[in-house]
Amino acid sequence: MISLMQKVDNFKSIYNKTHILQAPRTYKMPERFVFKYNKNGYSNYRMFDRKGTLLGTMQAISERVDTPEYYPATNYYYSFYIKGLNAIKRRIGVGKAFIKLARHESYENCCEGRIHLIAQNLKDIKDKPDIFYRKCGFTSSNKYHIEKIDECIKENKPLANLWYQTLMYLPLDVKL
């Protein structure tokens, strides 16, 4: 059986890139590792647990946005665009950890904490991520979508398949 450190070394040798370690809560081995590598212009992140099991992936890029669709009070700005976020293991904080990492990367890439995305599930249109992003603090300039998402959260019911995607952004004043 391959140890965690051998898996980590194998991963590093495959992508030949540096890795990002989350700050450990104790002085023991951290609970999760996040590896970052660049491919096709995007930053790709893979999160592993202590045993080396893949927990999730995220693909993102810093880009200049010239539409007030995401941040209404601004004409053009730099923002960290999350192209895809996939939590393989759900309900254990993987998605929220990626959102926190995206906020950190946003500051590192001169985006001033701005994060935007298109909330959609390309694999299963019935499994909409809008509620998850809304609970993380994201909002949208489409007030109808936000009202429906908030209604579903309040009533604790799934979001009906009313639309295909929602353009969302994380307001600068949201604490993660």
# chains A, B, ... in the order shown; residues from 1 in each chain; ligands from 1

call {"tool": "residues_around", "arguments": {"residues": "Pro158 in chain A", "least_positions_apart": "6", "cutoff": "12 Å", "atoms": "only C-alpha atoms", "output": "list in words"}}
result
Lys126, Asp127, Lys128, Pro129, Asp130, Ile131, Phe132, Lys148, Ile149, Asp150, Glu151 and Cys152 of chain A

call {"tool": "select_by_dssp", "arguments": {"residues": "range 26-120 of chain A", "states": "strand (DSSP E or B)", "output": "PyMOL selection string"}}
result
chain A and resi 32-39+42-49+54-65+77-87+115-119

call {"tool": "write_last_selection", "arguments": {"atoms": "N, CA and C atoms", "output": "short mmCIF file (atom, residue, chain, number, x, y, z; two decimals), in the first residue's frame"}}
result
data_model
loop_
_atom_site.label_atom_id
_atom_site.label_comp_id
_atom_site.auth_asym_id
_atom_site.auth_seq_id
_atom_site.Cartn_x
_atom_site.Cartn_y
_atom_site.Cartn_z
N ARG A 32 -6.02 18.39 5.43
CA ARG A 32 -6.21 18.46 3.99
C ARG A 32 -5.02 19.12 3.31
N PHE A 33 -4.71 18.63 2.14
CA PHE A 33 -3.69 19.23 1.29
C PHE A 33 -4.37 19.78 0.06
N VAL A 34 -3.95 20.94 -0.40
CA VAL A 34 -4.45 21.48 -1.65
C VAL A 34 -3.25 21.67 -2.57
N PHE A 35 -3.27 20.99 -3.70
CA PHE A 35 -2.21 21.10 -4.69
C PHE A 35 -2.67 22.02 -5.81
N LYS A 36 -1.79 22.89 -6.21
CA LYS A 36 -2.10 23.83 -7.29
C LYS A 36 -1.14 23.58 -8.44
N TYR A 37 -1.69 23.55 -9.66
CA TYR A 37 -0.87 23.47 -10.86
C TYR A 37 -1.58 24.24 -11.96
N ASN A 38 -0.82 24.71 -12.92
CA ASN A 38 -1.37 25.48 -14.03
C ASN A 38 -1.46 24.62 -15.28
N LYS A 39 -2.59 24.76 -15.97
CA LYS A 39 -2.79 24.01 -17.20
C LYS A 39 -3.76 24.80 -18.08
N TYR A 42 -5.33 28.11 -16.83
CA TYR A 42 -6.13 28.07 -15.60
C TYR A 42 -5.31 27.53 -14.44
N SER A 43 -5.62 28.01 -13.25
CA SER A 43 -5.07 27.43 -12.03
C SER A 43 -5.99 26.30 -11.63
N ASN A 44 -5.42 25.14 -11.43
CA ASN A 44 -6.18 23.95 -11.05
C ASN A 44 -5.80 23.57 -9.63
N TYR A 45 -6.79 23.23 -8.84
CA TYR A 45 -6.57 22.88 -7.44
C TYR A 45 -7.18 21.51 -7.19
N ARG A 46 -6.44 20.69 -6.46
CA ARG A 46 -6.94 19.37 -6.05
C ARG A 46 -6.77 19.26 -4.55
N MET A 47 -7.84 18.87 -3.88
CA MET A 47 -7.81 18.75 -2.42
C MET A 47 -7.82 17.26 -2.05
N PHE A 48 -6.88 16.91 -1.17
CA PHE A 48 -6.76 15.54 -0.69
C PHE A 48 -6.88 15.54 0.82
N ASP A 49 -7.37 14.43 1.37
CA ASP A 49 -7.39 14.30 2.82
C ASP A 49 -6.09 13.67 3.30
N LEU A 54 -8.84 11.83 -2.87
CA LEU A 54 -9.24 13.07 -3.54
C LEU A 54 -10.61 13.50 -3.03
N LEU A 55 -10.68 14.74 -2.50
CA LEU A 55 -11.94 15.26 -1.95
C LEU A 55 -12.66 16.18 -2.93
N GLY A 56 -11.91 16.88 -3.78
CA GLY A 56 -12.54 17.79 -4.72
C GLY A 56 -11.53 18.50 -5.59
N THR A 57 -12.06 19.20 -6.59
CA THR A 57 -11.23 19.96 -7.53
C THR A 57 -11.84 21.32 -7.78
N MET A 58 -11.00 22.26 -8.17
CA MET A 58 -11.47 23.59 -8.55
C MET A 58 -10.58 24.09 -9.69
N GLN A 59 -11.19 24.76 -10.64
CA GLN A 59 -10.46 25.37 -11.74
C GLN A 59 -10.84 26.85 -11.78
N ALA A 60 -9.83 27.73 -11.83
CA ALA A 60 -10.11 29.16 -11.75
C ALA A 60 -9.05 29.95 -12.50
N ILE A 61 -9.35 31.24 -12.71
CA ILE A 61 -8.42 32.14 -13.39
C ILE A 61 -8.71 33.57 -12.96
N SER A 62 -7.67 34.38 -12.90
CA SER A 62 -7.84 35.81 -12.66
C SER A 62 -8.08 36.46 -14.02
N GLU A 63 -9.11 37.30 -14.09
CA GLU A 63 -9.41 37.91 -15.37
C GLU A 63 -9.95 39.32 -15.20
N ARG A 64 -9.83 40.09 -16.26
CA ARG A 64 -10.39 41.43 -16.27
C ARG A 64 -11.83 41.33 -16.76
N VAL A 65 -12.73 41.90 -15.99
CA VAL A 65 -14.15 41.86 -16.31
C VAL A 65 -14.58 43.28 -16.66
N TYR A 77 -12.92 45.71 -13.81
CA TYR A 77 -12.19 45.33 -12.62
C TYR A 77 -11.57 43.97 -12.87
N TYR A 78 -10.68 43.56 -11.99
CA TYR A 78 -10.12 42.22 -12.03
C TYR A 78 -10.83 41.38 -10.98
N SER A 79 -11.15 40.17 -11.37
CA SER A 79 -11.89 39.28 -10.49
C SER A 79 -11.37 37.85 -10.67
N PHE A 80 -11.49 37.05 -9.64
CA PHE A 80 -11.08 35.65 -9.67
C PHE A 80 -12.29 34.83 -10.10
N TYR A 81 -12.23 34.28 -11.30
CA TYR A 81 -13.36 33.54 -11.87
C TYR A 81 -13.21 32.05 -11.57
N ILE A 82 -14.18 31.48 -10.87
CA ILE A 82 -14.20 30.04 -10.61
C ILE A 82 -14.94 29.39 -11.78
N LYS A 83 -14.18 28.71 -12.62
CA LYS A 83 -14.78 28.05 -13.78
C LYS A 83 -15.51 26.77 -13.37
N GLY A 84 -14.93 26.06 -12.42
CA GLY A 84 -15.55 24.83 -11.98
C GLY A 84 -15.14 24.48 -10.57
N LEU A 85 -16.08 24.00 -9.79
CA LEU A 85 -15.82 23.54 -8.43
C LEU A 85 -16.56 22.23 -8.26
N ASN A 86 -15.82 21.18 -7.94
CA ASN A 86 -16.42 19.86 -7.81
C ASN A 86 -16.03 19.26 -6.47
N ALA A 87 -16.97 19.16 -5.56
CA ALA A 87 -16.74 18.51 -4.27
C ALA A 87 -17.13 17.05 -4.42
N ILE A 115 -14.61 37.63 -6.37
CA ILE A 115 -14.78 36.29 -6.91
C ILE A 115 -16.09 36.26 -7.67
N HIS A 116 -16.10 35.70 -8.85
CA HIS A 116 -17.35 35.53 -9.57
C HIS A 116 -17.38 34.16 -10.23
N LEU A 117 -18.58 33.72 -10.58
CA LEU A 117 -18.76 32.40 -11.17
C LEU A 117 -20.11 32.32 -11.86
N ILE A 118 -20.29 31.25 -12.59
CA ILE A 118 -21.59 30.94 -13.19
C ILE A 118 -22.07 29.67 -12.49
N ALA A 119 -23.11 29.79 -11.69
CA ALA A 119 -23.63 28.65 -10.93
C ALA A 119 -24.45 27.77 -11.86
#

call {"tool": "atom_distance", "arguments": {"atom1": "CA of Ser106 in chain A", "atom2": "CA of Leu172 in chain A"}}
result
11.1 Å

call {"tool": "residues_around", "arguments": {"residues": "Leu170 in chain A", "least_positions_apart": "3", "cutoff": "10 Å", "atoms": "only C-alpha atoms", "output": "PDB file with N, CA and C atoms, in the first residue's frame"}}
result
ATOM      1  N   TYR A  70     -21.525  41.367 -12.638  1.00  0.00           N
ATOM      2  CA  TYR A  70     -21.167  40.733 -11.376  1.00  0.00           C
ATOM      3  C   TYR A  70     -21.062  41.743 -10.242  1.00  0.00           C
ATOM      4  N   TYR A  71     -20.273  42.776 -10.427  1.00  0.00           N
ATOM      5  CA  TYR A  71     -20.146  43.829  -9.417  1.00  0.00           C
ATOM      6  C   TYR A  71     -20.779  45.088  -9.996  1.00  0.00           C
ATOM      7  N   ILE A  99     -13.897  27.902  -1.525  1.00  0.00           N
ATOM      8  CA  ILE A  99     -14.314  29.312  -1.604  1.00  0.00           C
ATOM      9  C   ILE A  99     -13.338  30.181  -0.803  1.00  0.00           C
ATOM     10  N   ARG A 103     -10.883  33.141  -2.261  1.00  0.00           N
ATOM     11  CA  ARG A 103     -10.777  34.508  -1.732  1.00  0.00           C
ATOM     12  C   ARG A 103      -9.301  34.854  -1.506  1.00  0.00           C
ATOM     13  N   GLY A 113     -10.069  40.641  -3.628  1.00  0.00           N
ATOM     14  CA  GLY A 113     -11.083  39.831  -2.956  1.00  0.00           C
ATOM     15  C   GLY A 113     -12.311  39.527  -3.795  1.00  0.00           C
ATOM     16  N   ARG A 114     -12.328  39.975  -5.039  1.00  0.00           N
ATOM     17  CA  ARG A 114     -13.490  39.722  -5.904  1.00  0.00           C
ATOM     18  C   ARG A 114     -13.453  38.289  -6.445  1.00  0.00           C
ATOM     19  N   ILE A 115     -14.607  37.633  -6.366  1.00  0.00           N
ATOM     20  CA  ILE A 115     -14.776  36.287  -6.911  1.00  0.00           C
ATOM     21  C   ILE A 115     -16.094  36.264  -7.665  1.00  0.00           C
ATOM     22  N   HIS A 116     -16.097  35.700  -8.852  1.00  0.00           N
ATOM     23  CA  HIS A 116     -17.353  35.530  -9.569  1.00  0.00           C
ATOM     24  C   HIS A 116     -17.385  34.156 -10.226  1.00  0.00           C
ATOM     25  N   LEU A 117     -18.580  33.719 -10.577  1.00  0.00           N
ATOM     26  CA  LEU A 117     -18.761  32.400 -11.174  1.00  0.00           C
ATOM     27  C   LEU A 117     -20.108  32.320 -11.861  1.00  0.00           C
ATOM     28  N   TYR A 133     -23.920  28.156  -3.130  1.00  0.00           N
ATOM     29  CA  TYR A 133     -23.214  29.425  -3.295  1.00  0.00           C
ATOM     30  C   TYR A 133     -23.901  30.549  -2.522  1.00  0.00           C
ATOM     31  N   ARG A 134     -25.210  30.537  -2.494  1.00  0.00           N
ATOM     32  CA  ARG A 134     -25.945  31.565  -1.749  1.00  0.00           C
ATOM     33  C   ARG A 134     -25.653  31.447  -0.252  1.00  0.00           C
ATOM     34  N   CYS A 136     -22.963  30.428   0.999  1.00  0.00           N
ATOM     35  CA  CYS A 136     -21.578  30.890   1.183  1.00  0.00           C
ATOM     36  C   CYS A 136     -21.474  32.405   1.091  1.00  0.00           C
ATOM     37  N   GLY A 137     -22.569  33.090   0.743  1.00  0.00           N
ATOM     38  CA  GLY A 137     -22.561  34.547   0.717  1.00  0.00           C
ATOM     39  C   GLY A 137     -22.619  35.159  -0.671  1.00  0.00           C
ATOM     40  N   PHE A 138     -22.672  34.338  -1.710  1.00  0.00           N
ATOM     41  CA  PHE A 138     -22.739  34.872  -3.067  1.00  0.00           C
ATOM     42  C   PHE A 138     -24.099  35.499  -3.328  1.00  0.00           C
ATOM     43  N   THR A 139     -24.125  36.447  -4.232  1.00  0.00           N
ATOM     44  CA  THR A 139     -25.360  37.085  -4.646  1.00  0.00           C
ATOM     45  C   THR A 139     -25.331  37.249  -6.164  1.00  0.00           C
ATOM     46  N   SER A 140     -26.380  37.839  -6.711  1.00  0.00           N
ATOM     47  CA  SER A 140     -26.483  38.031  -8.151  1.00  0.00           C
ATOM     48  C   SER A 140     -27.202  39.337  -8.432  1.00  0.00           C
ATOM     49  N   ASP A 173     -17.734  42.625   1.193  1.00  0.00           N
ATOM     50  CA  ASP A 173     -17.884  42.707   2.648  1.00  0.00           C
ATOM     51  C   ASP A 173     -18.256  41.384   3.309  1.00  0.00           C
ATOM     52  N   VAL A 174     -18.367  40.303   2.557  1.00  0.00           N
ATOM     53  CA  VAL A 174     -18.724  38.996   3.114  1.00  0.00           C
ATOM     54  C   VAL A 174     -17.513  38.384   3.808  1.00  0.00           C
ATOM     55  N   LYS A 175     -17.693  37.965   5.042  1.00  0.00           N
ATOM     56  CA  LYS A 175     -16.641  37.292   5.810  1.00  0.00           C
ATOM     57  C   LYS A 175     -16.776  35.794   5.622  1.00  0.00           C
TER      58      LYS A 175
END

call {"tool": "atom_distance", "arguments": {"atom1": "CA of Glu108 in chain A", "atom2": "CA of Ser141 in chain A"}}
result
25.8 Å

call {"tool": "closest_residue", "arguments": {"among": "A:Asp66, A:Lys89, A:His104, A:Lys143", "to": "Leu167 in chain A", "atoms": "only C-alpha atoms"}}
result
A:Lys143

call {"tool": "select_by_dssp", "arguments": {"residues": "range 5-176 of chain A", "states": "alpha helix (DSSP H)", "output": "PyMOL selection string"}}
result
chain A and resi 5-15+94-108+130-135+143-155

call {"tool": "atom_distance", "arguments": {"atom1": "CA of Ile153 in chain A", "atom2": "CA of Pro72 in chain A"}}
result
24.3 Å

call {"tool": "closest_residue", "arguments": {"among": "A:Ala73, A:Glu147, A:Pro30, A:Ala97", "to": "Gly52 in chain A", "atoms": "only C-alpha atoms"}}
result
A:Pro30
